[in-house]
Amino acid sequence: MRRVALMLSLLLAACSSPSLVAVPAAKWQPATSSQQTTARSFEQVSQAVAAAAGKECRRRSRTANCEFVILVDLNTRAPANAFQTLDEDGRPLIIFTQPMIRSAQNADEMAFVMGHEAAHHILGHIARQAANAKDSARIFGELAREQGEDSAGIERAQELGAEVGAQNYSREFELEADQLGTVITHSAGYDPLIGMNFFQRIPDPGDRFLTTHPPNSKRVEVVLQTARQLGLR
């Protein structure tokens, strides 16, 4: 199971790489004046969203660490990405790469992505995904053992099971995070209906098996429904 445990760590802890160097939004100091303007906007959004997310987190949970820290990856060559993870003390970290920040066309889109990532922590998705992966690895391993597979075959089945389990509910988690992220974005003072335009510029994964994200149309539908519940247009 050692290889399975390693695979789980890679699937569930995206920022575990020792090469990652990130700083808080307030300490990010890019070189050019245009980037500095973006950095100031990003810092303002970060403060508002962290406060709104912390308030929502404390309202929903008495056990989760709700002290959000929003960081910028200093690797300028990193691909456009934003993700949520935990530090050694269980504090929620939201990490943006610089290309991801630049891809946002306005503060509302920045806030929407931040709110979405914060929602993953509030909803306990890392722990839930880990539990799903472990359960699926166990089931696949037991099936392989019953079919007479040797130790290598059982281990391969466990690895496959871990991958299937980790990804099986990913689309459901993304939609949950879209719903709560819409609430957080609005609470932070930004417009989720503008923020969701970010979906129009990313590839649509469609409805393929084992894709980690749901179809863009479904995500937009969730945001619109939640916005109506919030009394937005």
# chains A, B, ... in the order shown; residues from 1 in each chain; ligands from 1
$ residues_around --residues "range 35-40 of chain A" --least-positions-apart "6" --cutoff "12 Å" --atoms "only C-alpha atoms" --output "PyMOL selection string"
chain A and resi 24-29+46-47+71-72+96+98-107+110
$ select_by_dssp --residues "range 52-196 of chain A" --states "strand (DSSP E)" --output "count of residues only"
16
$ closest_residue --among "A:His125, A:Arg138, A:Arg219, A:Arg60" --to "Thr182 in chain A" --atoms "only C-alpha atoms"
A:Arg219
$ closest_residue --among "A:Gly148, A:Gly141, A:Gly54, A:Gly195" --to "Glu67 in chain A" --atoms "only C-alpha atoms"
A:Gly54
$ atom_distance --atom1 "CA of Thr85 in chain A" --atom2 "CA of Ile122 in chain A"
11.4 Å
$ select_by_dssp --residues "range 36-151 of chain A" --states "helix (DSSP H, G or I)" --output "PyMOL selection string"
chain A and resi 36-60+98-103+107-122+125-146+151
$ atom_distance --atom1 "CA of Ile70 in chain A" --atom2 "CA of Leu20 in chain A"
14.3 Å
$ residues_around --residues "range 174-179 of chain A" --least-positions-apart "3" --cutoff "7 Å" --atoms "only C-alpha atoms" --output "PyMOL selection string"
chain A and resi 116+119-120+170-171+182-183+213+219+222-223+226
$ write_last_selection --atoms "N, CA and C atoms" --output "compact mmCIF listing (two decimals), in the first residue's frame"
# COMPACT_ATOMS: atom_id res chain seq x y z
N HIS A 116 -14.63 30.23 -4.75
CA HIS A 116 -14.77 28.81 -5.12
C HIS A 116 -13.74 27.97 -4.37
N ALA A 119 -14.46 27.68 -0.72
CA ALA A 119 -15.60 26.78 -0.47
C ALA A 119 -15.14 25.33 -0.37
N HIS A 120 -14.12 24.96 -1.12
CA HIS A 120 -13.60 23.59 -1.03
C HIS A 120 -13.18 23.27 0.42
N SER A 170 -15.37 14.30 -7.83
CA SER A 170 -14.77 15.61 -8.07
C SER A 170 -15.75 16.58 -8.70
N ARG A 171 -16.52 16.11 -9.68
CA ARG A 171 -17.47 17.01 -10.33
C ARG A 171 -18.55 17.47 -9.36
N THR A 182 -20.35 31.21 -4.90
CA THR A 182 -21.22 32.31 -5.32
C THR A 182 -21.66 33.12 -4.10
N VAL A 183 -22.01 32.42 -3.03
CA VAL A 183 -22.42 33.10 -1.79
C VAL A 183 -21.26 33.92 -1.23
N HIS A 213 -13.86 18.02 -13.61
CA HIS A 213 -14.74 19.18 -13.55
C HIS A 213 -16.00 18.91 -14.37
N ARG A 219 -22.14 24.33 -14.49
CA ARG A 219 -21.59 25.23 -13.49
C ARG A 219 -22.28 26.58 -13.55
N VAL A 222 -25.69 26.36 -11.91
CA VAL A 222 -25.63 26.40 -10.46
C VAL A 222 -25.45 27.83 -9.96
N VAL A 223 -24.57 28.58 -10.61
CA VAL A 223 -24.33 29.96 -10.20
C VAL A 223 -25.58 30.80 -10.38
N THR A 226 -28.15 29.95 -7.68
CA THR A 226 -27.76 30.49 -6.38
C THR A 226 -27.91 32.00 -6.35
$ closest_residue --among "A:Glu146, A:Asp73, A:Glu159, A:Phe198" --to "Val23 in chain A" --atoms "only C-alpha atoms"
A:Asp73
